[in-house]
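Structure file query.txt (compact mmCIF, C-alpha atoms and all ligand atoms) follows.
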```txt
# COMPACT_ATOMS: atom_id res chain seq x y z
CA MET R 197 33.58 -48.38 -38.74
CA SER R 198 35.33 -49.70 -35.64
CA LYS R 199 37.67 -52.67 -36.14
CA VAL R 200 36.87 -54.15 -32.74
CA PRO R 201 34.80 -57.31 -33.29
CA PHE R 202 31.22 -57.14 -32.21
CA SER R 203 31.61 -59.83 -29.53
CA LYS R 204 34.42 -57.90 -27.88
CA ARG R 205 32.46 -54.71 -27.99
CA LEU R 206 29.57 -56.56 -26.35
CA VAL R 207 31.80 -57.77 -23.51
CA ALA R 208 33.21 -54.29 -23.01
CA PHE R 209 29.72 -52.85 -22.93
CA ALA R 210 28.56 -55.45 -20.43
CA LEU R 211 31.53 -54.71 -18.17
CA VAL R 212 30.86 -50.99 -18.20
CA ALA R 213 27.19 -51.63 -17.55
CA LEU R 214 28.10 -53.86 -14.62
CA MET R 215 30.44 -51.28 -13.16
CA VAL R 216 27.65 -48.74 -13.24
CA VAL R 217 25.06 -51.06 -11.77
CA LEU R 218 27.10 -53.09 -9.30
CA PRO R 219 27.91 -50.67 -6.48
CA SER R 220 24.30 -49.62 -6.09
CA ALA R 221 22.80 -53.06 -6.77
CA LEU R 222 24.79 -54.39 -3.83
CA LEU R 223 23.03 -51.98 -1.53
CA VAL R 224 19.63 -53.67 -1.57
CA ARG R 225 19.35 -57.08 -0.01
CA ALA R 226 17.07 -58.60 -2.60
CA GLU R 227 16.38 -61.70 -0.52
CA GLU R 228 14.61 -59.61 2.11
CA GLU R 229 10.86 -59.17 2.22
CA PRO R 230 10.10 -55.90 0.41
CA ILE R 231 8.27 -53.05 2.10
CA VAL R 232 5.00 -52.58 0.26
CA ILE R 233 3.79 -49.08 -0.64
CA GLY R 234 0.34 -48.76 -2.22
CA VAL R 235 -0.42 -46.65 -5.28
CA ALA R 236 -4.14 -46.04 -5.88
CA VAL R 237 -4.64 -43.91 -8.99
CA ALA R 238 -6.86 -43.97 -12.07
CA GLN R 239 -5.58 -46.47 -14.63
CA THR R 240 -8.89 -46.56 -16.52
CA THR R 241 -11.58 -44.00 -17.55
CA ASN R 242 -10.86 -40.40 -18.63
CA VAL R 243 -9.18 -39.77 -15.28
CA ALA R 244 -6.39 -42.11 -16.46
CA LEU R 245 -5.26 -39.17 -18.63
CA PHE R 246 -3.68 -38.06 -15.32
CA GLY R 247 -3.32 -41.48 -13.69
CA GLN R 248 -1.06 -42.88 -16.42
CA GLU R 249 1.45 -40.14 -15.75
CA GLN R 250 1.26 -40.91 -12.04
CA VAL R 251 1.94 -44.63 -12.58
CA ILE R 252 5.03 -43.76 -14.63
CA GLY R 253 6.29 -41.43 -11.90
CA ALA R 254 5.79 -44.13 -9.25
CA GLN R 255 7.48 -46.81 -11.38
CA ILE R 256 10.50 -44.59 -11.94
CA ALA R 257 10.67 -43.90 -8.21
CA GLU R 258 10.48 -47.60 -7.32
CA ALA R 259 13.41 -48.47 -9.61
CA PHE R 260 15.32 -45.33 -8.64
CA PHE R 261 15.15 -45.81 -4.86
CA ASN R 262 15.75 -49.56 -5.03
CA GLU R 263 18.91 -48.87 -7.00
CA ARG R 264 19.97 -46.60 -4.18
CA GLY R 265 19.41 -49.20 -1.49
CA GLY R 266 15.65 -48.98 -0.87
CA VAL R 267 14.94 -48.55 2.85
CA ASN R 268 18.36 -49.10 4.46
CA GLY R 269 19.00 -52.09 2.24
CA ARG R 270 15.47 -53.48 2.22
CA PRO R 271 13.76 -53.22 -1.19
CA ILE R 272 10.46 -51.46 -1.69
CA ARG R 273 7.66 -52.88 -3.81
CA ILE R 274 4.71 -50.91 -5.13
CA ALA R 275 1.27 -52.51 -5.11
CA TYR R 276 -1.04 -50.85 -7.64
CA ALA R 277 -4.82 -50.65 -7.39
CA ASP R 278 -6.87 -48.98 -10.14
CA THR R 279 -9.32 -46.44 -8.73
CA GLY R 280 -11.11 -45.76 -12.00
CA GLY R 281 -12.57 -42.28 -12.18
CA ASP R 282 -15.10 -42.20 -9.36
CA GLU R 283 -15.47 -42.32 -5.58
CA ALA R 284 -16.55 -45.98 -5.36
CA GLY R 285 -13.50 -47.07 -7.34
CA ALA R 286 -11.20 -45.10 -5.04
CA ILE R 287 -12.78 -46.59 -1.92
CA ASN R 288 -12.37 -50.12 -3.33
CA ALA R 289 -8.76 -49.54 -4.27
CA PHE R 290 -7.95 -48.13 -0.83
CA GLN R 291 -9.61 -51.09 0.92
CA THR R 292 -7.72 -53.60 -1.21
CA LEU R 293 -4.39 -51.95 -0.47
CA ILE R 294 -5.07 -51.56 3.25
CA ASN R 295 -6.55 -54.98 4.00
CA ARG R 296 -5.17 -57.32 1.36
CA GLU R 297 -1.83 -55.87 0.34
CA ASN R 298 -0.98 -54.72 3.88
CA VAL R 299 0.69 -51.58 2.58
CA VAL R 300 2.55 -49.23 4.94
CA GLY R 301 0.95 -46.22 3.22
CA ILE R 302 -0.89 -45.13 0.08
CA LEU R 303 -0.04 -42.69 -2.69
CA GLY R 304 -3.35 -41.56 -4.18
CA PRO R 305 -6.04 -41.05 -5.29
CA THR R 306 -5.97 -38.98 -8.50
CA LEU R 307 -8.90 -36.60 -7.98
CA SER R 308 -9.85 -34.51 -4.96
CA GLN R 309 -13.40 -35.70 -5.65
CA GLN R 310 -12.18 -39.25 -4.93
CA ALA R 311 -10.01 -38.20 -1.98
CA PHE R 312 -12.93 -36.77 -0.02
CA ALA R 313 -14.57 -40.22 -0.26
CA ALA R 314 -11.59 -42.57 0.15
CA ASP R 315 -9.20 -40.73 2.48
CA PRO R 316 -11.47 -41.03 5.56
CA ILE R 317 -11.21 -44.83 5.24
CA ALA R 318 -7.41 -44.77 5.36
CA ASP R 319 -7.46 -42.19 8.13
CA GLN R 320 -9.74 -44.35 10.27
CA ALA R 321 -7.56 -47.39 9.59
CA GLY R 322 -4.48 -45.40 10.61
CA VAL R 323 -2.80 -45.66 7.20
CA PRO R 324 -0.75 -42.68 5.95
CA VAL R 325 -1.92 -41.26 2.63
CA ILE R 326 0.11 -38.96 0.39
CA ALA R 327 -2.03 -37.21 -2.20
CA PRO R 328 -0.05 -36.82 -5.43
CA SER R 329 -2.50 -34.52 -7.22
CA ASN R 330 -5.35 -33.45 -4.90
CA THR R 331 -5.35 -29.67 -4.96
CA ALA R 332 -8.82 -28.75 -3.63
CA ARG R 333 -9.10 -26.83 -0.41
CA GLY R 334 -9.41 -29.02 2.68
CA ILE R 335 -7.55 -32.21 1.67
CA PRO R 336 -5.07 -32.50 4.60
CA GLN R 337 -7.89 -31.42 6.91
CA ILE R 338 -9.66 -34.75 6.18
CA GLY R 339 -7.63 -36.37 8.96
CA ARG R 340 -4.29 -36.78 10.77
CA PHE R 341 -3.01 -39.42 8.35
CA ILE R 342 -3.55 -37.36 5.21
CA PHE R 343 -0.71 -35.46 3.47
CA ARG R 344 -0.30 -33.94 0.06
CA VAL R 345 2.66 -33.18 -2.19
CA SER R 346 0.35 -31.34 -4.62
CA ALA R 347 0.25 -27.66 -3.70
CA PRO R 348 -3.31 -26.37 -3.31
CA VAL R 349 -5.20 -24.26 -5.86
CA THR R 350 -4.84 -21.22 -3.61
CA PHE R 351 -1.06 -21.13 -4.22
CA ILE R 352 -1.12 -21.98 -7.89
CA ALA R 353 -4.17 -20.68 -9.72
CA PRO R 354 -3.57 -16.90 -9.33
CA ASN R 355 -0.17 -17.15 -11.09
CA ALA R 356 -1.67 -18.01 -14.48
CA VAL R 357 -4.09 -15.05 -14.35
CA LYS R 358 -1.22 -12.69 -13.52
CA GLN R 359 0.66 -14.08 -16.52
CA ALA R 360 -2.37 -13.40 -18.76
CA ILE R 361 -2.26 -9.76 -17.64
CA LYS R 362 1.45 -9.59 -18.48
CA ILE R 363 0.62 -10.76 -22.00
CA ASN R 364 -2.31 -8.36 -22.38
CA PRO R 365 -1.96 -5.44 -19.91
CA ASP R 366 -5.24 -3.88 -21.12
CA LEU R 367 -7.18 -6.99 -20.27
CA LYS R 368 -10.39 -6.32 -18.32
CA ARG R 369 -13.23 -8.59 -19.49
CA VAL R 370 -13.16 -12.11 -18.04
CA ALA R 371 -15.50 -15.11 -18.26
CA VAL R 372 -15.17 -18.20 -16.10
CA PHE R 373 -16.19 -21.81 -16.77
CA TYR R 374 -16.10 -24.67 -14.27
CA ALA R 375 -17.17 -28.31 -13.86
CA GLN R 376 -19.75 -28.27 -11.10
CA ASN R 377 -19.65 -32.03 -10.40
CA ASP R 378 -15.97 -32.06 -9.45
CA ALA R 379 -14.66 -30.94 -6.05
CA PHE R 380 -11.32 -29.73 -7.37
CA SER R 381 -12.93 -27.65 -10.15
CA VAL R 382 -15.37 -26.06 -7.69
CA SER R 383 -12.52 -25.22 -5.32
CA GLU R 384 -10.27 -23.90 -8.07
CA THR R 385 -12.92 -21.69 -9.67
CA GLY R 386 -13.47 -20.06 -6.28
CA VAL R 387 -9.80 -19.06 -6.25
CA PHE R 388 -9.89 -17.92 -9.89
CA GLN R 389 -12.99 -15.80 -9.29
CA GLN R 390 -11.45 -14.23 -6.19
CA THR R 391 -8.27 -13.52 -8.18
CA VAL R 392 -10.30 -11.78 -10.89
CA LYS R 393 -11.81 -9.51 -8.22
CA ASP R 394 -8.48 -8.92 -6.44
CA LEU R 395 -6.85 -7.88 -9.72
CA GLU R 396 -9.80 -5.56 -10.43
CA LEU R 397 -10.83 -7.32 -13.60
CA GLU R 398 -14.45 -7.49 -14.67
CA LEU R 399 -16.14 -10.86 -14.15
CA LEU R 400 -18.64 -10.93 -17.04
CA ASP R 401 -20.18 -14.34 -16.51
CA VAL R 402 -19.77 -17.73 -14.84
CA GLN R 403 -20.79 -20.85 -16.79
CA THR R 404 -21.00 -24.40 -15.45
CA PHE R 405 -20.67 -27.82 -17.05
CA GLN R 406 -20.14 -31.48 -16.09
CA THR R 407 -16.85 -33.37 -16.47
CA THR R 408 -18.82 -35.86 -18.58
CA ASP R 409 -20.01 -33.19 -21.04
CA THR R 410 -18.79 -33.20 -24.62
CA ASP R 411 -20.91 -30.39 -26.11
CA PHE R 412 -20.53 -26.86 -24.76
CA THR R 413 -22.55 -24.96 -27.38
CA THR R 414 -25.05 -23.53 -24.88
CA GLN R 415 -22.43 -22.14 -22.52
CA ILE R 416 -20.26 -20.80 -25.34
CA THR R 417 -23.10 -19.03 -27.12
CA ASN R 418 -24.09 -17.45 -23.79
CA VAL R 419 -20.62 -16.07 -23.20
CA LEU R 420 -19.14 -14.99 -26.54
CA PRO R 421 -21.60 -12.06 -27.13
CA LEU R 422 -20.18 -10.53 -23.89
CA GLU R 423 -16.82 -10.22 -25.67
CA PRO R 424 -14.47 -11.67 -23.07
CA GLU R 425 -10.73 -11.05 -23.43
CA LEU R 426 -9.82 -13.89 -21.07
CA ILE R 427 -11.60 -17.19 -20.40
CA ILE R 428 -10.62 -19.18 -17.33
CA ILE R 429 -11.52 -22.89 -17.19
CA SER R 430 -11.60 -25.28 -14.23
CA GLY R 431 -12.30 -28.81 -15.39
CA LEU R 432 -10.50 -32.06 -16.21
CA ALA R 433 -8.54 -32.95 -19.35
CA ALA R 434 -11.16 -34.47 -21.67
CA ASP R 435 -13.95 -31.96 -20.95
CA GLY R 436 -11.53 -29.04 -20.68
CA GLY R 437 -9.84 -29.91 -23.97
CA ASN R 438 -13.16 -30.19 -25.78
CA LEU R 439 -14.34 -26.89 -24.32
CA VAL R 440 -11.20 -25.13 -25.59
CA ARG R 441 -11.58 -26.70 -29.02
CA GLN R 442 -15.21 -25.58 -29.29
CA LEU R 443 -14.45 -22.06 -28.01
CA ARG R 444 -11.92 -21.65 -30.82
CA GLU R 445 -14.25 -23.23 -33.38
CA PHE R 446 -16.92 -20.69 -32.38
CA GLY R 447 -14.38 -17.95 -33.12
CA TYR R 448 -13.08 -16.99 -29.68
CA LYS R 449 -9.68 -15.32 -30.16
CA GLY R 450 -8.79 -14.13 -26.64
CA LEU R 451 -6.55 -15.62 -23.96
CA ILE R 452 -7.37 -18.89 -22.20
CA VAL R 453 -6.18 -19.92 -18.74
CA GLY R 454 -6.65 -23.57 -17.83
CA GLY R 455 -6.40 -24.88 -14.29
CA ASN R 456 -4.60 -27.93 -12.94
CA GLY R 457 -6.78 -30.26 -15.02
CA PHE R 458 -4.90 -28.94 -18.09
CA ASN R 459 -1.53 -29.99 -16.73
CA THR R 460 -1.00 -32.99 -18.99
CA THR R 461 0.17 -33.55 -22.56
CA ASN R 462 -2.76 -36.00 -22.76
CA LEU R 463 -4.83 -32.86 -23.36
CA PHE R 464 -3.11 -32.31 -26.71
CA PRO R 465 -4.95 -34.98 -28.74
CA VAL R 466 -8.27 -33.49 -27.52
CA CYS R 467 -7.85 -29.89 -28.71
CA GLN R 468 -4.84 -30.47 -31.00
CA ALA R 469 -3.67 -27.28 -32.77
CA LEU R 470 -6.42 -25.36 -30.94
CA CYS R 471 -4.69 -26.05 -27.58
CA ASP R 472 -2.04 -23.55 -28.68
CA GLY R 473 -1.51 -20.65 -26.29
CA ILE R 474 -3.36 -21.98 -23.22
CA LEU R 475 -1.71 -20.73 -20.01
CA VAL R 476 -1.38 -23.23 -17.17
CA ALA R 477 0.19 -22.70 -13.76
CA GLN R 478 2.35 -25.58 -12.57
CA ALA R 479 3.95 -26.84 -9.37
CA TYR R 480 6.86 -28.44 -11.23
CA SER R 481 9.38 -27.47 -13.88
CA TYR R 482 11.64 -29.97 -15.59
CA GLN R 483 14.10 -27.10 -15.88
CA TYR R 484 14.48 -26.82 -12.09
CA ASP R 485 18.18 -27.21 -11.45
CA SER R 486 19.00 -29.71 -8.71
CA GLU R 487 20.68 -33.08 -8.44
CA ILE R 488 17.51 -35.04 -7.67
CA ASN R 489 15.52 -33.34 -10.41
CA GLN R 490 18.32 -33.94 -12.88
CA ALA R 491 18.33 -37.63 -11.97
CA PHE R 492 14.54 -37.88 -12.20
CA ARG R 493 14.43 -35.97 -15.48
CA GLU R 494 17.07 -38.22 -17.02
CA ALA R 495 15.36 -41.41 -15.86
CA TYR R 496 12.03 -40.17 -17.22
CA LYS R 497 13.47 -39.08 -20.56
CA ALA R 498 15.34 -42.35 -21.01
CA GLN R 499 12.04 -44.22 -20.61
CA GLN R 500 9.53 -41.86 -22.23
CA GLY R 501 11.59 -39.83 -24.71
CA LYS R 502 10.18 -36.48 -23.54
CA GLU R 503 10.36 -34.09 -20.61
CA PRO R 504 8.62 -35.20 -17.41
CA PRO R 505 5.22 -33.68 -16.62
CA GLN R 506 4.03 -32.34 -13.27
CA PHE R 507 1.88 -35.35 -12.34
CA SER R 508 4.80 -37.78 -12.82
CA ALA R 509 7.09 -35.53 -10.77
CA GLN R 510 4.55 -35.29 -7.96
CA ALA R 511 4.02 -39.08 -7.90
CA PHE R 512 7.80 -39.62 -7.79
CA THR R 513 7.99 -37.10 -4.94
CA GLY R 514 5.29 -38.93 -2.97
CA ILE R 515 7.19 -42.22 -3.18
CA GLN R 516 10.39 -40.40 -2.24
CA VAL R 517 8.72 -39.02 0.90
CA PHE R 518 7.63 -42.54 1.90
CA VAL R 519 11.10 -44.01 1.29
CA GLU R 520 12.98 -41.29 3.15
CA ALA R 521 10.57 -41.26 6.09
CA LEU R 522 10.71 -45.08 6.32
CA SER R 523 14.53 -44.99 6.25
CA ARG R 524 14.75 -42.44 9.05
CA LEU R 525 12.18 -44.33 11.11
CA ASP R 526 14.03 -47.61 10.60
CA GLU R 527 17.20 -46.02 11.96
CA ARG R 528 15.42 -44.92 15.13
CA LYS R 529 13.25 -48.01 15.55
CA PRO R 530 13.89 -51.02 13.31
CA LEU R 531 10.83 -51.56 11.11
CA LYS R 532 11.06 -55.32 11.54
CA ASP R 533 10.43 -54.99 15.29
CA MET R 534 7.08 -53.23 14.81
CA ASP R 535 3.67 -54.65 13.99
CA LEU R 536 1.97 -53.11 10.94
CA ALA R 537 -0.39 -50.85 12.92
CA THR R 538 2.50 -49.40 14.95
CA LEU R 539 4.64 -48.97 11.85
CA ARG R 540 1.87 -47.07 10.06
CA ALA R 541 1.34 -44.77 13.07
CA GLU R 542 5.06 -44.10 13.50
CA LEU R 543 5.43 -43.51 9.77
CA ARG R 544 2.73 -40.84 9.91
CA ASP R 545 4.74 -38.84 12.48
CA GLU R 546 8.00 -39.40 10.64
CA ILE R 547 6.53 -38.06 7.37
CA MET R 548 5.26 -34.97 9.19
CA ASN R 549 8.62 -34.21 10.80
CA GLY R 550 10.85 -34.56 7.74
CA LYS R 551 12.35 -32.20 5.17
CA TYR R 552 12.71 -33.53 1.64
CA ASP R 553 14.85 -32.42 -1.29
CA THR R 554 12.64 -33.44 -4.22
CA PRO R 555 12.20 -32.79 -7.95
CA LEU R 556 9.61 -30.17 -6.88
CA GLY R 557 12.32 -28.42 -4.84
CA PRO R 558 12.75 -28.54 -1.06
CA ILE R 559 9.46 -29.46 0.64
CA SER R 560 8.15 -30.13 4.13
CA PHE R 561 4.75 -30.46 5.79
CA GLU R 562 2.79 -28.10 7.97
CA GLU R 563 0.34 -29.47 10.55
CA THR R 564 -3.27 -28.53 9.82
CA LYS R 565 -6.43 -28.50 11.93
CA LYS R 566 -10.01 -29.47 11.21
CA ASP R 567 -12.67 -26.76 11.48
CA ASP R 568 -13.40 -27.85 15.06
CA GLY R 569 -9.75 -27.35 16.00
CA THR R 570 -8.71 -31.02 16.24
CA PRO R 571 -5.33 -31.88 14.70
CA ALA R 572 -5.38 -33.00 11.07
CA GLY R 573 -2.84 -33.87 8.36
CA GLY R 574 0.13 -32.31 6.59
CA GLU R 575 -0.11 -29.50 4.05
CA ILE R 576 2.81 -29.19 1.66
CA VAL R 577 5.23 -26.31 2.15
CA GLN R 578 6.79 -25.62 -1.23
CA GLU R 579 8.83 -22.69 -2.52
CA ARG R 580 8.64 -22.68 -6.29
CA PHE R 581 5.75 -22.34 -8.75
CA TYR R 582 5.70 -21.78 -12.50
CA VAL R 583 3.48 -20.83 -15.43
CA ALA R 584 3.67 -22.65 -18.74
CA ARG R 585 2.19 -21.93 -22.15
CA ILE R 586 1.07 -24.72 -24.44
CA GLU R 587 2.73 -24.61 -27.83
CA MET R 588 1.34 -26.81 -30.59
CA SER R 589 2.69 -27.56 -34.02
CA GLU R 590 0.53 -26.29 -36.86
CA ASP R 591 -0.83 -29.74 -37.68
CA GLY R 592 -1.68 -30.20 -33.99
CA LYS R 593 0.22 -33.47 -33.79
CA GLU R 594 2.96 -32.26 -31.48
CA GLY R 595 2.97 -29.97 -28.51
CA ARG R 596 4.77 -28.99 -25.36
CA PHE R 597 4.60 -26.88 -22.25
CA THR R 598 6.99 -23.93 -22.47
CA PHE R 599 7.75 -22.18 -19.19
CA VAL R 600 7.06 -18.46 -19.33
CA ASP R 601 7.43 -17.65 -15.62
C1 LIG E 701 -7.69 -32.47 -8.18
C2 LIG E 701 -6.84 -32.00 -9.30
C3 LIG E 701 -6.93 -32.72 -10.58
C4 LIG E 701 -6.73 -31.83 -11.76
C5 LIG E 701 -5.88 -33.79 -10.53
C6 LIG E 701 -5.73 -34.61 -11.72
O1 LIG E 701 -6.05 -31.08 -9.12
O2 LIG E 701 -8.58 -33.29 -8.36
O3 LIG E 701 -7.46 -31.98 -7.06
```

Structure translated into structure tokens:
Amino acid sequence: MSKVPFSKRLVAFALVALMVVLPSALLVRAEEEPIVIGVAVAQTTNVALFGQEQVIGAQIAEAFFNERGGVNGRPIRIAYADTGGDEAGAINAFQTLINRENVVGILGPTLSQQAFAADPIADQAGVPVIAPSNTARGIPQIGRFIFRVSAPVTFIAPNAVKQAIKINPDLKRVAVFYAQNDAFSVSETGVFQQTVKDLELELLDVQTFQTTDTDFTTQITNVLPLEPELIIISGLAADGGNLVRQLREFGYKGLIVGGNGFNTTNLFPVCQALCDGILVAQAYSYQYDSEINQAFREAYKAQQGKEPPQFSAQAFTGIQVFVEALSRLDERKPLKDMDLATLRAELRDEIMNGKYDTPLGPISFEETKKDDGTPAGGEIVQERFYVARIEMSEDGKEGRFTFVD
């Protein structure tokens, strides 16, 4: 036991804490009007299984960048709007942020299915959008103001199938399942099915379901007699987790690849011990060694007591892109001298032209075009991708993503 009295220890602790906080706290001029960035993600419905992780990532980013001086000394403030799980909810949230909160830009929505409905509204209003998790084909092509920090299915999905072949080199027989009412799942299954052909595997069967389904007996009993060695699933977390659970309960023993909808530990309570072994490709690794990722990882762990997941890292990255682009713009043209419409338009160009050192690694944006050749938004350029394997404890109460590639 230390002999130093508690009160003295408390003072010493407070002093150290102050020394850590003070230099950075001085950087933001708290009396100034904050710059408002909108976050429109799912805080309710099953889609909140992803959205909750996104809110945490955005909250960590808000505190993190304000501690480092915000936008050249001006604090940022995040305005949240719950999109729920559908298109109407996303449209409402976008309208609230654009017209009532007067945000400079929006991070959101959660699903590609929602983005195809809500993004055109922001694009027409001239408000920059950064998609934190929309991976379907065609997202930046929605319009000039639309960006994403979530690498598309085309870059990610094939990696998990290649990993499955590394685990079982004799693998030939593949069945595919996808949610037909979800734009991301439809897009991702297209890539998975193409990958199966490219790798000269045999596509035995394709089964469809709805993201609202809870019983997959019909599809499973259609597929299992074909004796697949690999089953590839494109769906969201609740439906996908239930499908995996039922596949195992029906006796399926082969490999399972899950798409981006499986990229959350919120899947674990759904399939519990039966989640074990699922392969999932990822656009983020908490093990990625860089200063910014180290800082993000530490901040996340201090708050959540576990390693940060992809969706939190992508949300953090989206806020980082806004903050850094706003800071550069402010140095060229003071933000306070611009009306909101001008600021939003200038911010769009500044986002497009920047390079960002993020927890996802170094990223930038590539200009895209619509089908008719007119200029559209920014597609992420990212260098690193990973594959993880879900490992569950025997009682199914604990689990984690272990990186295998
Ligand atoms: C999309 C996705 C989902 C899995 C995000 C949560 O990738 O909708 O594009």

**Study point:** Non-local contacts of R:Glu503 (12 Å; only C-alpha atoms; under 6 positions in same chain excluded) as a VMD selection string
**Key:** chain R and resid 249 460 to 461 480 to 484 489 to 490 492 to 497 509 595 to 598

May I have the residues within 8 Å of ligand LIG 701 (chain E), computed using all atoms listed in the file, as a CSV table (one decimal) with C-alpha atoms, in the coordinates of the input?
```csv
chain,number,residue,atom,x,y,z
R,243,VAL,CA,-9.2,-39.8,-15.3
R,246,PHE,CA,-3.7,-38.1,-15.3
R,247,GLY,CA,-3.3,-41.5,-13.7
R,306,THR,CA,-6.0,-39.0,-8.5
R,307,LEU,CA,-8.9,-36.6,-8.0
R,308,SER,CA,-9.8,-34.5,-5.0
R,309,GLN,CA,-13.4,-35.7,-5.6
R,310,GLN,CA,-12.2,-39.2,-4.9
R,329,SER,CA,-2.5,-34.5,-7.2
R,330,ASN,CA,-5.4,-33.4,-4.9
R,331,THR,CA,-5.4,-29.7,-5.0
R,332,ALA,CA,-8.8,-28.8,-3.6
R,346,SER,CA,0.4,-31.3,-4.6
R,348,PRO,CA,-3.3,-26.4,-3.3
R,349,VAL,CA,-5.2,-24.3,-5.9
R,378,ASP,CA,-16.0,-32.1,-9.4
R,379,ALA,CA,-14.7,-30.9,-6.0
R,380,PHE,CA,-11.3,-29.7,-7.4
R,381,SER,CA,-12.9,-27.6,-10.2
R,431,GLY,CA,-12.3,-28.8,-15.4
R,432,LEU,CA,-10.5,-32.1,-16.2
R,433,ALA,CA,-8.5,-33.0,-19.4
R,455,GLY,CA,-6.4,-24.9,-14.3
R,456,ASN,CA,-4.6,-27.9,-12.9
R,457,GLY,CA,-6.8,-30.3,-15.0
R,458,PHE,CA,-4.9,-28.9,-18.1
R,459,ASN,CA,-1.5,-30.0,-16.7
R,507,PHE,CA,1.9,-35.4,-12.3
```

Practice item. Name the residues in contact with R:Asp319 at a cut-off of 12 Å, using only C-alpha atoms, excluding same-chain residues fewer than 2 positions from it; report them as a ChimeraX atom specification. Key: /R:290-291,294,301-302,311-317,321-326,335-343,540-541,544,572-573

Check your understanding: Suppose you want the space between atom CA of R:Thr292 and atom CA of R:Ile274; what is it in Å?
Key -> 13.3 Å

Check your understanding: Pick from R:Lys566, R:Arg369, R:Arg270, R:Lys449: nearest to R:Arg225, with only C-alpha atoms counted?
Key ->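 Under the stated criterion, the closest residue is R:Arg270.
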
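Remark: for R:Gln359, the closest of the candidate residues R:Val382, R:Leu395, R:Val235, R:Cys471 is R:Leu395 (distances computed over all atoms listed in the file).
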
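Atom pair atom CA of R:Thr240 / atom CA of R:Gly574: separated by 28.6 Å.
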
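Relative to atom CA of R:Asn242, atom CA of R:Thr385 is found at 20.8 Å.
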
**Study point:** Residue nearest R:Ala479 among R:Val267, R:Gly569, R:Gly557, R:Ala259 (counting all atoms listed in the file)
**Key:**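 Distance minimum relative to R:Ala479 lands on R:Gly557.
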
Study note, to complete from the structure: Closest of R:Leu539, R:Ala327, R:Val345, R:Ile416 to R:Phe373, counting all atoms listed in the file, is R:Ile416

Review point. Contacts of R:Phe412 at 8 Å or less, counting only C-alpha atoms, minus same-chain residues fewer than 6 places along, as an MDAnalysis selection string?
Key: chainID R and resid 405 439 442

Tell me, as a PDB file with C-alpha atoms, in the coordinates of the input, which residues lie within 6 Å of R:Met588, counting only C-alpha atoms; anything in the same chain fewer than 6 positions away does not count.
```pdb
ATOM      1  CA  ALA R 469      -3.670 -27.280 -32.770  1.00  0.00           C
ATOM      2  CA  ASP R 472      -2.040 -23.550 -28.680  1.00  0.00           C
ATOM      3  CA  GLU R 594       2.960 -32.260 -31.480  1.00  0.00           C
ATOM      4  CA  GLY R 595       2.970 -29.970 -28.510  1.00  0.00           C
TER       5      GLY R 595
END
```

Exercise for review: Can you pull out every residue within 12 Å of R:Leu420, counting all atoms listed in the file, but drop anything in the same chain fewer than 2 positions away, and send it as a PyMOL selection string?
Suggested key: chain R and resi 369-372+400-401+403+413-418+422-427+442-450

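Nearest residue to R:Gly454, choosing from R:Ile474, R:Val357, R:Val466, R:Leu367 and counting only C-alpha atoms: R:Ile474.
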
Check your understanding: Which is closer to R:Ala356 than all the others in R:Ala226, R:Phe518, R:Val476, R:Asp553, using only C-alpha atoms?
Key ->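 That would be R:Val476, the residue with the smallest distance to R:Ala356.
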
Any chance you could build stretch 399-405 of chain R out to N, CA, C and O atoms and write it as a short mmCIF file (atom, residue, chain, number, x, y, z; two decimals), in the coordinates of the input?
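Heads up, here's the output in part_22.cif:
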```
data_model
loop_
_atom_site.label_atom_id
_atom_site.label_comp_id
_atom_site.auth_asym_id
_atom_site.auth_seq_id
_atom_site.Cartn_x
_atom_site.Cartn_y
_atom_site.Cartn_z
N LEU R 399 -15.64 -9.50 -13.97
CA LEU R 399 -16.14 -10.86 -14.15
C LEU R 399 -17.48 -10.79 -14.89
O LEU R 399 -18.51 -10.48 -14.31
N LEU R 400 -17.45 -11.10 -16.19
CA LEU R 400 -18.64 -10.93 -17.04
C LEU R 400 -19.69 -11.98 -16.78
O LEU R 400 -20.89 -11.71 -16.80
N ASP R 401 -19.22 -13.23 -16.56
CA ASP R 401 -20.18 -14.34 -16.51
C ASP R 401 -19.49 -15.58 -15.96
O ASP R 401 -18.29 -15.77 -16.14
N VAL R 402 -20.27 -16.44 -15.31
CA VAL R 402 -19.77 -17.73 -14.84
C VAL R 402 -20.65 -18.82 -15.43
O VAL R 402 -21.87 -18.79 -15.25
N GLN R 403 -20.04 -19.76 -16.16
CA GLN R 403 -20.79 -20.85 -16.79
C GLN R 403 -20.37 -22.19 -16.16
O GLN R 403 -19.20 -22.37 -15.84
N THR R 404 -21.33 -23.09 -16.03
CA THR R 404 -21.00 -24.40 -15.45
C THR R 404 -21.20 -25.51 -16.47
O THR R 404 -21.95 -25.37 -17.44
N PHE R 405 -20.49 -26.62 -16.24
CA PHE R 405 -20.67 -27.82 -17.05
C PHE R 405 -20.39 -29.03 -16.18
O PHE R 405 -20.12 -28.90 -14.98
#
```
